[in-house]
Every structure is written in structure tokens, then in C-alpha cells.
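Colleague: Here you go, final33.pdb (PDB, C-alpha atoms):
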ATOM      1  CA  ILE N   1      -8.260  -7.226   2.922  1.00  0.00           C
ATOM      2  CA  PRO N   2      -9.934  -5.239   5.713  1.00  0.00           C
ATOM      3  CA  ARG N   3      -9.777  -1.979   3.724  1.00  0.00           C
ATOM      4  CA  LEU N   4     -11.897  -3.525   0.946  1.00  0.00           C
ATOM      5  CA  ARG N   5     -14.118  -5.577   3.248  1.00  0.00           C
ATOM      6  CA  ASN N   6     -15.142  -2.381   5.049  1.00  0.00           C
ATOM      7  CA  LYS N   7     -16.474  -0.989   1.755  1.00  0.00           C
ATOM      8  CA  ALA N   8     -18.624  -4.057   1.024  1.00  0.00           C
ATOM      9  CA  THR N   9     -22.050  -4.892   2.390  1.00  0.00           C
ATOM     10  CA  PHE N  10     -23.083  -8.520   2.813  1.00  0.00           C
ATOM     11  CA  LYS N  11     -26.681  -9.461   3.571  1.00  0.00           C
ATOM     12  CA  ARG N  12     -28.963 -12.470   3.330  1.00  0.00           C
ATOM     13  CA  LEU N  13     -31.786 -12.128   0.864  1.00  0.00           C
ATOM     14  CA  ASN N  14     -34.700 -14.411   0.076  1.00  0.00           C
ATOM     15  CA  LEU N  15     -34.933 -14.195  -3.707  1.00  0.00           C
ATOM     16  CA  MET N  16     -38.543 -15.399  -3.591  1.00  0.00           C
ATOM     17  CA  ASP N  17     -39.747 -12.420  -1.513  1.00  0.00           C
ATOM     18  CA  GLU N  18     -42.345 -10.254  -3.267  1.00  0.00           C
ATOM     19  CA  GLN N  19     -40.056  -7.245  -2.898  1.00  0.00           C
ATOM     20  CA  TYR N  20     -36.585  -6.734  -1.487  1.00  0.00           C
ATOM     21  CA  LYS N  21     -36.431  -4.398   1.492  1.00  0.00           C
ATOM     22  CA  ILE N  22     -33.045  -2.893   0.727  1.00  0.00           C
ATOM     23  CA  ASP N  23     -32.392   0.768   1.490  1.00  0.00           C
ATOM     24  CA  GLN N  24     -29.333   1.266  -0.663  1.00  0.00           C
ATOM     25  CA  LYS N  25     -28.159   1.050  -4.267  1.00  0.00           C
ATOM     26  CA  PHE N  26     -25.472  -1.380  -5.365  1.00  0.00           C
ATOM     27  CA  ASP N  27     -22.596  -0.874  -7.776  1.00  0.00           C
ATOM     28  CA  ILE N  28     -22.269  -4.606  -8.377  1.00  0.00           C
ATOM     29  CA  VAL N  29     -24.422  -7.711  -7.868  1.00  0.00           C
ATOM     30  CA  PHE N  30     -23.143 -11.278  -7.922  1.00  0.00           C
ATOM     31  CA  CYS N  31     -25.929 -13.762  -8.630  1.00  0.00           C
ATOM     32  CA  ARG N  32     -23.915 -16.709  -9.869  1.00  0.00           C
ATOM     33  CA  ASN N  33     -25.310 -20.213 -10.304  1.00  0.00           C
ATOM     34  CA  VAL N  34     -28.561 -19.457  -8.507  1.00  0.00           C
ATOM     35  CA  LEU N  35     -31.055 -18.687 -11.267  1.00  0.00           C
ATOM     36  CA  ILE N  36     -30.598 -22.076 -12.952  1.00  0.00           C
ATOM     37  CA  TYR N  37     -32.889 -23.525 -10.273  1.00  0.00           C
ATOM     38  CA  PHE N  38     -35.822 -21.239 -11.209  1.00  0.00           C
ATOM     39  CA  ASP N  39     -38.179 -21.173 -14.183  1.00  0.00           C
ATOM     40  CA  LYS N  40     -37.854 -18.391 -16.771  1.00  0.00           C
ATOM     41  CA  TYR N  41     -40.594 -16.232 -15.225  1.00  0.00           C
ATOM     42  CA  THR N  42     -38.999 -16.404 -11.756  1.00  0.00           C
ATOM     43  CA  GLN N  43     -35.530 -15.746 -13.186  1.00  0.00           C
ATOM     44  CA  GLU N  44     -36.779 -12.594 -14.890  1.00  0.00           C
ATOM     45  CA  SER N  45     -38.568 -11.468 -11.728  1.00  0.00           C
ATOM     46  CA  VAL N  46     -35.487 -11.991  -9.538  1.00  0.00           C
ATOM     47  CA  ILE N  47     -33.198 -10.173 -11.980  1.00  0.00           C
ATOM     48  CA  ASN N  48     -35.595  -7.228 -12.231  1.00  0.00           C
ATOM     49  CA  LYS N  49     -35.935  -6.949  -8.451  1.00  0.00           C
ATOM     50  CA  LEU N  50     -32.145  -7.057  -8.001  1.00  0.00           C
ATOM     51  CA  CYS N  51     -31.709  -4.485 -10.764  1.00  0.00           C
ATOM     52  CA  GLY N  52     -34.104  -2.218  -8.892  1.00  0.00           C
ATOM     53  CA  ASN N  53     -31.295  -1.737  -6.376  1.00  0.00           C
ATOM     54  CA  LEU N  54     -28.466  -1.620  -8.929  1.00  0.00           C
ATOM     55  CA  VAL N  55     -27.211   1.803 -10.029  1.00  0.00           C
ATOM     56  CA  THR N  56     -27.371   2.651 -13.732  1.00  0.00           C
ATOM     57  CA  GLY N  57     -24.042   1.539 -15.161  1.00  0.00           C
ATOM     58  CA  GLY N  58     -23.641  -0.995 -12.348  1.00  0.00           C
ATOM     59  CA  TYR N  59     -22.516  -4.553 -13.040  1.00  0.00           C
ATOM     60  CA  PHE N  60     -24.497  -7.761 -12.717  1.00  0.00           C
ATOM     61  CA  PHE N  61     -22.667 -11.116 -12.697  1.00  0.00           C
ATOM     62  CA  LEU N  62     -24.340 -14.397 -13.642  1.00  0.00           C
ATOM     63  CA  GLY N  63     -22.937 -17.916 -13.797  1.00  0.00           C
ATOM     64  CA  HIS N  64     -21.636 -19.441 -17.033  1.00  0.00           C
ATOM     65  CA  SER N  65     -24.788 -21.568 -17.436  1.00  0.00           C
ATOM     66  CA  GLU N  66     -27.118 -18.572 -16.941  1.00  0.00           C
ATOM     67  CA  SER N  67     -28.228 -15.919 -19.416  1.00  0.00           C
ATOM     68  CA  ILE N  68     -30.531 -12.933 -19.856  1.00  0.00           C
ATOM     69  CA  LEU N  69     -31.369 -14.047 -23.397  1.00  0.00           C
ATOM     70  CA  GLY N  70     -35.112 -13.759 -24.009  1.00  0.00           C
ATOM     71  CA  LYS N  71     -35.738 -11.963 -20.718  1.00  0.00           C
ATOM     72  CA  ASN N  72     -37.129  -8.447 -20.346  1.00  0.00           C
ATOM     73  CA  VAL N  73     -34.484  -7.026 -18.006  1.00  0.00           C
ATOM     74  CA  PRO N  74     -32.631  -3.669 -17.889  1.00  0.00           C
ATOM     75  CA  LEU N  75     -29.236  -5.208 -18.644  1.00  0.00           C
ATOM     76  CA  LYS N  76     -26.944  -5.304 -21.641  1.00  0.00           C
ATOM     77  CA  PRO N  77     -24.086  -7.741 -22.215  1.00  0.00           C
ATOM     78  CA  PHE N  78     -20.663  -6.391 -21.251  1.00  0.00           C
ATOM     79  CA  LEU N  79     -18.489  -9.539 -21.130  1.00  0.00           C
ATOM     80  CA  PRO N  80     -19.365 -13.230 -20.893  1.00  0.00           C
ATOM     81  CA  THR N  81     -21.416 -13.639 -17.673  1.00  0.00           C
ATOM     82  CA  LEU N  82     -21.133  -9.884 -16.973  1.00  0.00           C
ATOM     83  CA  TYR N  83     -23.911  -7.421 -17.742  1.00  0.00           C
ATOM     84  CA  GLU N  84     -24.311  -3.670 -17.286  1.00  0.00           C
ATOM     85  CA  LYS N  85     -27.500  -1.993 -16.107  1.00  0.00           C
ATOM     86  CA  ILE N  86     -28.983   0.401 -18.656  1.00  0.00           C
TER      87      ILE N  86
END
As C-alpha cells, please, write out the structure in this file.

Modeller:
Amino acid sequence: IPRLRNKATFKRLNLMDEQYKIDQKFDIVFCRNVLIYFDKYTQESVINKLCGNLVTGGYFFLGHSESILGKNVPLKPFLPTLYEKI
């Protein structure tokens, strides 16, 4: 729907970059079925960098085979595969 598409921003992002050069805050991040290819340290790093651009109270989606369990990230579970930034 054009009305919704005009409110969304789509960009390419290299998750392995040292820092993400993004000038805006997000209300929602979809990072589904990507982190399973990285080791735990890299997963935590990617999540933390993405959360740096996520507003407090914003939502972070992961895939069903991904989890934040055991990771030091600013997220709390909201629903299965959905987390909220704290």
C-alpha cells in the first residue's frame, strides 16, 4: 500500500561493519533468520548495534530459530520471536 510504503525506510546494511552509519531511530527492526549464521559474540554485537538505532519501547523481530538467551542486549521478550527495547 503506497500510504504505508511512504512511511517506511528501506536500506542495505552490512551487519559486519564496525558501526552503522544511520542517522535516524527506528520503531521496529526485522532481523529474521540472519543471526543463525554468526557466532554468539557476533550475534550479540549485531543486535547491540541495531538496538543503538532502535527507540526505547521499539520492537525487534528475530527468526524462530534465533534467541537473545544468554546475550547481553537491551531487549526483553514480548512475544515469541518479538522483543522490546528497554

Colleague: Decode the PyMOL selection byres ((chain N and resi 69-85) around 10) for the given file into explicit residues and return them as a VMD selection string.

Modeller: chain N and resid 27 to 30 32 40 to 41 43 to 49 51 to 52 54 to 68 86

Colleague: Keeping only C-alpha atoms, take the residues you just selected and write them out as a PDB file, in the coordinates of the input.

Modeller:
ATOM      1  CA  ASP N  27     -22.596  -0.874  -7.776  1.00  0.00           C
ATOM      2  CA  ILE N  28     -22.269  -4.606  -8.377  1.00  0.00           C
ATOM      3  CA  VAL N  29     -24.422  -7.711  -7.868  1.00  0.00           C
ATOM      4  CA  PHE N  30     -23.143 -11.278  -7.922  1.00  0.00           C
ATOM      5  CA  ARG N  32     -23.915 -16.709  -9.869  1.00  0.00           C
ATOM      6  CA  LYS N  40     -37.854 -18.391 -16.771  1.00  0.00           C
ATOM      7  CA  TYR N  41     -40.594 -16.232 -15.225  1.00  0.00           C
ATOM      8  CA  GLN N  43     -35.530 -15.746 -13.186  1.00  0.00           C
ATOM      9  CA  GLU N  44     -36.779 -12.594 -14.890  1.00  0.00           C
ATOM     10  CA  SER N  45     -38.568 -11.468 -11.728  1.00  0.00           C
ATOM     11  CA  VAL N  46     -35.487 -11.991  -9.538  1.00  0.00           C
ATOM     12  CA  ILE N  47     -33.198 -10.173 -11.980  1.00  0.00           C
ATOM     13  CA  ASN N  48     -35.595  -7.228 -12.231  1.00  0.00           C
ATOM     14  CA  LYS N  49     -35.935  -6.949  -8.451  1.00  0.00           C
ATOM     15  CA  CYS N  51     -31.709  -4.485 -10.764  1.00  0.00           C
ATOM     16  CA  GLY N  52     -34.104  -2.218  -8.892  1.00  0.00           C
ATOM     17  CA  LEU N  54     -28.466  -1.620  -8.929  1.00  0.00           C
ATOM     18  CA  VAL N  55     -27.211   1.803 -10.029  1.00  0.00           C
ATOM     19  CA  THR N  56     -27.371   2.651 -13.732  1.00  0.00           C
ATOM     20  CA  GLY N  57     -24.042   1.539 -15.161  1.00  0.00           C
ATOM     21  CA  GLY N  58     -23.641  -0.995 -12.348  1.00  0.00           C
ATOM     22  CA  TYR N  59     -22.516  -4.553 -13.040  1.00  0.00           C
ATOM     23  CA  PHE N  60     -24.497  -7.761 -12.717  1.00  0.00           C
ATOM     24  CA  PHE N  61     -22.667 -11.116 -12.697  1.00  0.00           C
ATOM     25  CA  LEU N  62     -24.340 -14.397 -13.642  1.00  0.00           C
ATOM     26  CA  GLY N  63     -22.937 -17.916 -13.797  1.00  0.00           C
ATOM     27  CA  HIS N  64     -21.636 -19.441 -17.033  1.00  0.00           C
ATOM     28  CA  SER N  65     -24.788 -21.568 -17.436  1.00  0.00           C
ATOM     29  CA  GLU N  66     -27.118 -18.572 -16.941  1.00  0.00           C
ATOM     30  CA  SER N  67     -28.228 -15.919 -19.416  1.00  0.00           C
ATOM     31  CA  ILE N  68     -30.531 -12.933 -19.856  1.00  0.00           C
ATOM     32  CA  ILE N  86     -28.983   0.401 -18.656  1.00  0.00           C
TER      33      ILE N  86
END

Colleague: Between N:Ile22, N:Ala8, N:Ile1, N:Leu15, which has the minimum distance to Asn53 of chain N (counting only C-alpha atoms)?

Modeller: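 Of N:Ile22, N:Ala8, N:Ile1, N:Leu15, the one nearest Asn53 of chain N, counting only C-alpha atoms, is N:Ile22.
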
Colleague: Report, in Å to a single decimal, how far apart atom CA of Ile36 of chain N and atom CA of Tyr20 of chain N are.

Modeller: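 Between atom CA of Tyr20 of chain N and atom CA of Ile36 of chain N the gap is 20.1 Å.
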
Colleague: What does the distance from atom CA of Asp39 of chain N to atom CA of Leu13 of chain N come to in Å, to one decimal?

Modeller: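 Here the two named atoms are 18.7 Å from each other.
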
Colleague: Can you work out the spacing between atom CA of Asn6 of chain N and atom CA of Val34 of chain N in Å, to one decimal?

Modeller: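 That distance, rounded to one decimal, is 25.6 Å.
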
Colleague: For segment 2-17 of chain N, take all atoms listed in the file, fit an axis-aligned box around them, add 6 Å to each of the six sides, then output centre and edge lengths in Å rounded to one decimal, as JSON.

Modeller:
{"center_x": -24.8, "center_y": -8.2, "center_z": 1.0, "size_x": 42.0, "size_y": 26.4, "size_z": 21.4}
